[in-house]
Amino acid sequence: STSTSSSYYLLFYKETQRKIMPPNEKERPLIVVVGAGSKHGTVDSDLPDSVRWGLGGALALPFAEEGYDVVLMGRREEVLDNVRKAVEAVHQANNHVDAKVLCVKCDVTDETSVRQAFDHVNSSAHFFGVDSCSYIDLVMFNVAPPYPSNFKFEGWGEVILPHQIDMDDMNRQYDTQVNGLIRICKQVLPGMIERKKGCILLSGESCCNLHGGFEFGSVAPARAALRSLGQSMFQAYGPMGVHVCNINIGGIIDSPKTRSWTEREELTKPNEIAEQFLNIYKQKSTVWSYEVNLSPGFSSRKVNMSM
């Protein structure tokens with residue numbers, strides 16, 4: 001009957017509807033950034049926090065503004081500690097005196113390292129408050145190995161052609177991104193499925209995720225595979241209350257390294273990208289995005305619309 005159908009829908013809706021709320025004493029959703037450091041090497045201390053560590057260092061900042069507890073994961077503990085200080089500064093500036101930041105070393109290519117990292121998070125309830133119920137509600141997967149050492153953009157030198165690709169490097173690209181995500185999911189998805197609530201956001205590059213550009217043969221295949229896995233995950237886990245979304249980022253992201261590549265006004269701001277991650281996290285379950293393409297307006301005429 002119509003009334004029965006309506007009742008069933010309302011029950012399903014209530015069970016799967018994302019409840020976005022600021023943290024409180026009883027319920028404290030944890031925001032986990034996997035790949036919260038920078039792979040750009042030396043950091044310029046004069047750069048603002050929103051740029052100093054690239055996108056990885058900026059992702060937690062808009063969440064800190066709203067008072068969420070944050071877990072920073074990565075391989076470089078010194079970088080993680082610096083990002084922690086930036087996140088804590090945002091917490092304090094917005095009067096979120098009880099919000100916490102936890103740094104955890106994690107290498108996504110090592111299953112033992114991943115398991116130990118999440119065991120550490122799950123055993124740190126005392127850190128976030130003994131009277132609270134802490135759980136991982138969001139994972140932002142921002143992991144990718146550096147481009148091959150002999151990688152060149154078109155016009156910058158001799159481009160690596162497909163038959164010149166180093167197979168060890170290709171396997172490393174795939175293991176870091178695709179297998180790395182699977183290792184992370186093994187640790188977080190069981191809890192999300194049990195709660196019927198959770199979100200996993202995958203950071204990607206439009207030039208690699210959506211189409212393999214001329215010079216990107218050595219890096220695009222793994223990125224495309226990550227996107228494909230994300231699409232499968234959206235369909236598999238959406239009915240279980242878990243939101244998975246690919247975020248394809250166009251343009252050149254502002255960072256210590258990329259500032260020498262082009263004019264400053266042509267760089268995409270990491271903090272503005274991070275704000276879109278927050279917006280997607282807040283989506284209600286009736287209007288979830290499974291893929292979002294971010295492109296700077298100045299280059300809109302160059303966007304490849306054939307997907």
# chains A, B, ... in the order shown; residues from 1 in each chain; ligands from 1
$ residues_around --residues "stretch 276-285 of chain A" --least-positions-apart "2" --cutoff "10 Å" --atoms "only C-alpha atoms" --output "PyMOL selection string"
chain A and resi 13-14+16-21+59-63+66+137-140+197-203+238-239+241-245+247+271-274+287-292+294
$ closest_atom_pairs --of "stretch 159-215 of chain A" --to "stretch 95-108 of chain A" --cutoff "10 Å" --atoms "only C-alpha atoms" --output "Markdown table"
| residue | atom | partner | partner_atom | distance |
| --- | --- | --- | --- | --- |
| A:Asp175 | CA | A:Val108 | CA | 8.6 |
| A:Thr176 | CA | A:Val108 | CA | 6.3 |
| A:Gln177 | CA | A:Val108 | CA | 8.2 |
| A:Val178 | CA | A:Val108 | CA | 9.9 |
| A:Asn179 | CA | A:Val108 | CA | 8.1 |
| A:Gly180 | CA | A:Val108 | CA | 4.8 |
| A:Leu181 | CA | A:Val108 | CA | 7.6 |
| A:Ile182 | CA | A:Val108 | CA | 9.2 |
| A:Arg183 | CA | A:Val108 | CA | 6.9 |
| A:Ile184 | CA | A:Val108 | CA | 7.3 |
$ select_by_dssp --residues "stretch 57-176 of chain A" --states "strand (DSSP E or B)" --output "list in words"
Asp69, Val70, Val71, Leu72, Met73, Gly74, Val101, Leu102, Cys103, Val104, Lys105, Cys133, Ser134, Tyr135, Ile136, Asp137, Leu138, Val139, Met140 and Phe141 of chain A
$ atom_distance --atom1 "atom CA of A:Ser232" --atom2 "atom CA of A:Asn246"
10.8 Å
$ atom_distance --atom1 "atom CA of A:Gly67" --atom2 "atom CA of A:Leu47"
24.0 Å
$ atom_distance --atom1 "atom CA of A:Gly35" --atom2 "atom CA of A:Gly297"
27.0 Å
$ closest_residue --among "A:Asp46, A:Glu27, A:Asp169, A:Glu88" --to "A:Gly129" --atoms "only C-alpha atoms"
A:Glu27
$ residues_around --residues "A:Pro29" --least-positions-apart "2" --cutoff "7 Å" --atoms "only C-alpha atoms" --output "list of chain:residue names"
A:Pro23, A:Glu27, A:Ile31, A:Ser134, A:Tyr135, A:Ile136, A:Asp137
$ closest_residue --among "A:Val159, A:Ile249, A:Leu226, A:Val87" --to "A:Ala58" --atoms "only C-alpha atoms"
A:Val87
$ residues_around --residues "A:Ala222" --least-positions-apart "4" --cutoff "12 Å" --atoms "only C-alpha atoms" --output "MDAnalysis selection string"
chainID A and resid 143:145 147 169:181 204:205 208:212 216:218 226:229
$ write_last_selection --atoms "C-alpha atoms" --output "CSV table (one decimal), in the first residue's frame"
chain,number,residue,atom,x,y,z
A,143,VAL,CA,47.7,9.7,-1.1
A,144,ALA,CA,50.0,9.5,-4.2
A,145,PRO,CA,53.7,8.9,-4.6
A,147,TYR,CA,56.0,11.6,-10.0
A,169,ASP,CA,57.5,2.7,-10.5
A,170,MET,CA,54.2,1.8,-12.1
A,171,ASN,CA,53.7,-0.9,-9.6
A,172,ARG,CA,54.5,1.5,-6.8
A,173,GLN,CA,52.0,4.0,-8.1
A,174,TYR,CA,49.3,1.3,-8.2
A,175,ASP,CA,50.2,-0.2,-4.8
A,176,THR,CA,50.2,3.2,-3.1
A,177,GLN,CA,46.9,4.5,-4.4
A,178,VAL,CA,44.6,1.5,-5.2
A,179,ASN,CA,46.0,-1.1,-2.8
A,180,GLY,CA,46.6,1.7,-0.3
A,181,LEU,CA,42.9,2.7,-0.3
A,204,GLY,CA,42.4,12.9,-7.6
A,205,GLU,CA,43.7,14.9,-10.5
A,208,CYS,CA,45.0,11.7,-14.7
A,209,ASN,CA,41.6,10.5,-13.4
A,210,LEU,CA,39.5,11.6,-16.3
A,211,HIS,CA,41.8,11.3,-19.3
A,212,GLY,CA,45.4,10.1,-19.7
A,216,PHE,CA,50.9,11.5,-18.0
A,217,GLY,CA,51.2,7.9,-19.2
A,218,SER,CA,53.5,7.0,-16.2
A,226,LEU,CA,41.6,4.7,-8.0
A,227,ARG,CA,38.7,6.6,-9.6
A,228,SER,CA,37.2,3.3,-10.9
A,229,LEU,CA,37.4,1.7,-7.4
$ select_by_dssp --residues "stretch 51-218 of chain A" --states "alpha helix (DSSP H)" --output "PyMOL selection string"
chain A and resi 51-52+54-58+61-65+77-93+111-122+125-128+167-174+180-195+206-209
$ closest_residue --among "A:Pro48, A:Met240, A:Ala125, A:Gly213" --to "A:Arg195" --atoms "only C-alpha atoms"
A:Met240
